[in-house]
There are 2 protein chains.
Amino acid sequence: MFKINDNYLKLPGSYLFSTIAKKVNAFQAENPDKTVIRLGIGDVTQPLAPVIIDALHSAVDEMGKAETFHGYAPDLGYEFLRTAIAKNDYADRGCEIAADEIFVSDGAKCDSGNIQEIFSVDNKIAVCDPVYPVYVDTNVMAGRTGTYDPKTEMWSDVIYMPCTAETNFAPELPKETPDLIYLCFPNNPTGATITKAQLQEWVDYANKVGAVIIYDAAYEAYISEADVPHTIYECEGARTCAIELKSFSKNAGFTGTRLGYTVIPKDLKCGDVMLHSLWARRHGTKYNGAPYIQQRAGEAVYTPEGKEQLAKQVAYYMNNAKVIKEGLQEAGYTVSGGVNAPYIWLKTPSGMTSWEFFDYLLANANVVGTPGSGFGPSGEGYFRLTAFGTYENTLAALDRIKRM
Amino acid sequence: MFKINDNYLKLPGSYLFSTIAKKVNAFQAENPDKTVIRLGIGDVTQPLAPVIIDALHSAVDEMGKAETFHGYAPDLGYEFLRTAIAKNDYADRGCEIAADEIFVSDGAKCDSGNIQEIFSVDNKIAVCDPVYPVYVDTNVMAGRTGTYDPKTEMWSDVIYMPCTAETNFAPELPKETPDLIYLCFPNNPTGATITKAQLQEWVDYANKVGAVIIYDAAYEAYISEADVPHTIYECEGARTCAIELKSFSKNAGFTGTRLGYTVIPKDLKCGDVMLHSLWARRHGTKYNGAPYIQQRAGEAVYTPEGKEQLAKQVAYYMNNAKVIKEGLQEAGYTVSGGVNAPYIWLKTPSGMTSWEFFDYLLANANVVGTPGSGFGPSGEGYFRLTAFGTYENTLAALDRIKRM
């Protein structure tokens, strides 16, 4: 008789955003006259930029002709895209990353969930708290996290690094030594960043203790301050300890188009074994390449027109972030984030729990946000709003919140 | 100090098609004047059909306008596509599969590699021999296959079901009881099929011993004979023991476009736990949905125009299959497959090994095929040619083989 992977049963409840969707659907069913504004999930709302649309159309046309049709893509991604990434995201920033150290995929969520597979099940992970749930949940599924304590909402074999107002929303080096360290800056959910000097400390620490940093740079395009690193490879020594995950979802609006990439430098080794080889083997065995038309769209992101059009899109969302941040401050909330990230992180008022504030905000302002506790125990008492709505909805939402 | 997943190191050599690519590249470098014809990898060559191209263009246009832009797709796939699949691939064949039992993905290779994750690492797998390498390799990576014996080329904890001329290329019920049974019909690599009555025996067996059948129906569109089942759900009792994998790669030419789906009936349970829930959790946590534009292209496959245009494409490839099969027979080879599948399986002549014949064919006819031994020990002495080339190339290849 077959058996299931019991680790799945250890996962408490359902995925955060599914729970939110159910609550919102129930509210809408009971209040069909109310217009709900969603500033919860990190999904974009602006259409794809003209340069992306042109690239997609042109690639679709190629797929319709025998001479220019494309079947299976190369395992690691097309050379034209990997070269554009290596030049624009790394060489132009003075970072030494070769095109063949870049693995193109259908998005950073998949990569951030799958990357743990190439590591031993005995490895111990360290995560920021609060944290993007995918890092922890995928390690739970792999059996790497021990037992769950529903009272503390913590796993016995996970090292939590609290990021609260007390730590200025940055993690401190953990007391216990981890094997894998998940870092995400600009941070989801808090919108916080760390400086290049601070990130260098993490790289030095990882090299010293023999840990791998899995660095999620999905929100890099939103950085506005000078001393915030755009990639971990700006730090000396990162090539021997860091994997970087990047997404086209937030800088180019690809949430429904799907494209991302992962960088594994060939210097990152366990003994003689390059992690690059393991990930290449996984890519070749379990994945069949990102679609040709999406890879051409990704290439367009790096053209001069693409850069110009997408900078405007990012500026649009960052103006929303300003509206949210200043609006909340006017209304008396304690707020952080929103300067180098499309996320605004607020302290819930009057000692409300995160979910109490979720219900309160939905019922009274008909605005959907994300409860901080959904991202981990140290997120309790906090709440996330995102800048990815339309300007009009963002204004309206803040107007409602101010009147609340 | 971090450690790697040692199971990856157990994998012998590199992935079959990477090895072939390297050999062909080396031959081309040494013989720049020779034109190599590739009838090896199962990649299609015909451009996407006009109805698919139209659907892609139209969906791209939607992505360029705010009112019709699509962000994150629903976890399981868009309702419009799942409904079309449920109706056309199941209801119209008298099979009871609901739209919400269908999980849309970016392809059957990914699904066939990932599906093992929801099962216990202690489960024992049974595979046909020869077999599509992904089934075995992904179980190796998960640590489910024991140790590898380079002499027999077999894993200690895998149940092999030989499919050779002696068994009419169909597997026999195994002596040892498996937990997971991988079946693929029409078969890759042999091109063989089994009848509905034969498949019913497998379903009855799985229900009796408490095993799950993972049924890969990627080549269903190539079935030409009446008593060959198009889906395992034609068999009574399949809802309690079978998962089905489907691809748009071979029926619609999506190898570089990427779309597929997996069916898990809600009646398939381990105790109280629906496998459907586990896969839904995996999909929600580790995957972010197939792109909107690809899902619209998938929908177009099921329109009357789509069905007509794609039937012609399949007929084109099946004519190639006929050319290969009859050509090889004329040249004196022993051949099977090619009637309900785009694969032709031939016995290597004069006692050559599969790789010897690969080198011989490449050197003397400049034709690339796939060595049968790359698919498992019982594939030794066999060789696979595919019908996915152009008609002109297929004719030319057979002409060269006949003159060899």
# chains A, B, ... in the order shown; residues from 1 in each chain; ligands from 1
>>> interface_residues(of="chain B", to="chain A", cutoff="6 Å", atoms="only C-alpha atoms", output="ChimeraX atom specification")
/B:1-5,46-48,63-66,69-73,110,113,118-120,179,210-211,255-258,286-287,291-292
>>> select_by_dssp(residues="range 113-343 of chain A", states="strand (DSSP E or B)", output="number ranges by chain")
A: 119, 125-129, 148-149, 154-155, 158-162, 180-184, 212-216, 242-247, 260-263, 269-270, 273-274, 335-337, 343
>>> residues_around(residues="range 222-227 of chain B", least_positions_apart="2", cutoff="8 Å", atoms="only C-alpha atoms", output="PyMOL selection string")
chain B and resi 186+195-196+219-220+229-230+251+314+318+339-342
>>> select_by_dssp(residues="range 232-403 of chain A", states="helix (DSSP H, G or I)", output="number ranges by chain")
A: 232-234, 238-240, 249-252, 275-286, 292-301, 304-330, 349-351, 354-365, 372-375, 377-379, 391-403
>>> closest_residue(among="A:Arg38, A:Val228, A:Met161, A:Ala321", to="Asn25 in chain A", atoms="only C-alpha atoms")
A:Arg38
>>> decode(residues="range 174-206 of chain B", atoms="N, CA, C and O atoms", output="compact mmCIF listing (two decimals), in the first residue's frame")
# COMPACT_ATOMS: atom_id res chain seq x y z
N PRO B 174 4.07 -7.10 -12.07
CA PRO B 174 5.33 -7.45 -11.39
C PRO B 174 5.11 -8.50 -10.30
O PRO B 174 4.04 -8.58 -9.71
N LYS B 175 6.15 -9.28 -10.03
CA LYS B 175 6.07 -10.29 -8.96
C LYS B 175 6.08 -9.62 -7.61
O LYS B 175 5.33 -9.95 -6.71
N GLU B 176 6.98 -8.62 -7.46
CA GLU B 176 7.05 -7.87 -6.20
C GLU B 176 6.03 -6.74 -6.26
O GLU B 176 5.84 -6.13 -7.31
N THR B 177 5.35 -6.46 -5.14
CA THR B 177 4.30 -5.44 -5.16
C THR B 177 4.87 -4.03 -5.07
O THR B 177 5.56 -3.70 -4.11
N PRO B 178 4.59 -3.18 -6.06
CA PRO B 178 5.07 -1.80 -6.02
C PRO B 178 4.05 -0.88 -5.34
O PRO B 178 2.89 -1.25 -5.15
N ASP B 179 4.51 0.33 -4.95
CA ASP B 179 3.60 1.35 -4.43
C ASP B 179 3.20 2.34 -5.53
O ASP B 179 2.07 2.81 -5.57
N LEU B 180 4.16 2.65 -6.38
CA LEU B 180 3.91 3.58 -7.49
C LEU B 180 4.28 2.88 -8.79
O LEU B 180 5.36 2.30 -8.89
N ILE B 181 3.38 2.95 -9.77
CA ILE B 181 3.62 2.29 -11.05
C ILE B 181 3.59 3.34 -12.15
O ILE B 181 2.57 4.00 -12.34
N TYR B 182 4.70 3.53 -12.81
CA TYR B 182 4.73 4.48 -13.93
C TYR B 182 4.39 3.73 -15.22
O TYR B 182 5.07 2.76 -15.58
N LEU B 183 3.35 4.19 -15.91
CA LEU B 183 2.99 3.62 -17.21
C LEU B 183 2.88 4.76 -18.21
O LEU B 183 2.38 5.84 -17.88
N CYS B 184 3.32 4.51 -19.43
CA CYS B 184 3.23 5.52 -20.49
C CYS B 184 2.76 4.83 -21.77
O CYS B 184 3.50 4.01 -22.33
N PHE B 185 1.55 5.14 -22.19
CA PHE B 185 1.01 4.57 -23.44
C PHE B 185 0.21 5.61 -24.19
O PHE B 185 -0.63 6.28 -23.58
N PRO B 186 0.38 5.73 -25.50
CA PRO B 186 1.40 5.12 -26.35
C PRO B 186 2.78 5.39 -25.76
O PRO B 186 3.03 6.48 -25.26
N ASN B 187 3.64 4.38 -25.86
CA ASN B 187 4.89 4.41 -25.10
C ASN B 187 6.01 5.22 -25.74
O ASN B 187 6.23 5.18 -26.94
N ASN B 188 6.67 5.95 -24.89
CA ASN B 188 7.98 6.50 -25.18
C ASN B 188 8.95 5.66 -24.36
O ASN B 188 8.80 5.59 -23.15
N PRO B 189 9.90 4.95 -24.94
CA PRO B 189 10.43 5.10 -26.30
C PRO B 189 9.94 4.09 -27.34
O PRO B 189 10.24 4.27 -28.51
N THR B 190 9.20 3.04 -26.96
CA THR B 190 9.02 1.93 -27.91
C THR B 190 7.92 2.18 -28.94
O THR B 190 7.84 1.45 -29.93
N GLY B 191 7.04 3.16 -28.68
CA GLY B 191 5.91 3.37 -29.59
C GLY B 191 4.83 2.33 -29.45
O GLY B 191 3.84 2.34 -30.20
N ALA B 192 4.98 1.43 -28.47
CA ALA B 192 3.98 0.36 -28.28
C ALA B 192 2.74 0.89 -27.56
O ALA B 192 2.78 1.94 -26.93
N THR B 193 1.66 0.16 -27.67
CA THR B 193 0.44 0.50 -26.92
C THR B 193 -0.10 -0.76 -26.26
O THR B 193 0.33 -1.87 -26.58
N ILE B 194 -1.04 -0.56 -25.36
CA ILE B 194 -1.78 -1.70 -24.83
C ILE B 194 -3.26 -1.42 -25.05
O ILE B 194 -3.67 -0.27 -25.25
N THR B 195 -4.06 -2.47 -25.05
CA THR B 195 -5.50 -2.31 -25.28
C THR B 195 -6.19 -1.85 -24.00
O THR B 195 -5.61 -1.91 -22.91
N LYS B 196 -7.44 -1.46 -24.17
CA LYS B 196 -8.20 -1.04 -23.00
C LYS B 196 -8.34 -2.20 -22.01
O LYS B 196 -8.24 -2.00 -20.79
N ALA B 197 -8.53 -3.40 -22.51
CA ALA B 197 -8.67 -4.57 -21.62
C ALA B 197 -7.37 -4.80 -20.84
O ALA B 197 -7.39 -5.11 -19.64
N GLN B 198 -6.23 -4.61 -21.51
CA GLN B 198 -4.96 -4.77 -20.81
C GLN B 198 -4.77 -3.69 -19.73
O GLN B 198 -4.30 -3.98 -18.63
N LEU B 199 -5.15 -2.45 -20.07
CA LEU B 199 -5.00 -1.36 -19.10
C LEU B 199 -5.93 -1.60 -17.91
O LEU B 199 -5.58 -1.30 -16.76
N GLN B 200 -7.12 -2.15 -18.20
CA GLN B 200 -8.06 -2.45 -17.12
C GLN B 200 -7.43 -3.42 -16.11
O GLN B 200 -7.63 -3.29 -14.90
N GLU B 201 -6.64 -4.37 -16.61
CA GLU B 201 -5.95 -5.30 -15.69
C GLU B 201 -5.02 -4.55 -14.73
O GLU B 201 -4.91 -4.89 -13.55
N TRP B 202 -4.35 -3.54 -15.27
CA TRP B 202 -3.45 -2.74 -14.42
C TRP B 202 -4.23 -1.96 -13.37
O TRP B 202 -3.81 -1.85 -12.22
N VAL B 203 -5.36 -1.40 -13.79
CA VAL B 203 -6.19 -0.62 -12.85
C VAL B 203 -6.70 -1.55 -11.75
O VAL B 203 -6.64 -1.22 -10.55
N ASP B 204 -7.18 -2.73 -12.14
CA ASP B 204 -7.68 -3.69 -11.15
C ASP B 204 -6.55 -4.09 -10.19
O ASP B 204 -6.75 -4.19 -8.98
N TYR B 205 -5.38 -4.34 -10.77
CA TYR B 205 -4.22 -4.74 -9.96
C TYR B 205 -3.86 -3.63 -8.95
O TYR B 205 -3.65 -3.90 -7.75
N ALA B 206 -3.80 -2.38 -9.43
CA ALA B 206 -3.43 -1.26 -8.56
C ALA B 206 -4.43 -1.12 -7.42
O ALA B 206 -4.05 -0.93 -6.26
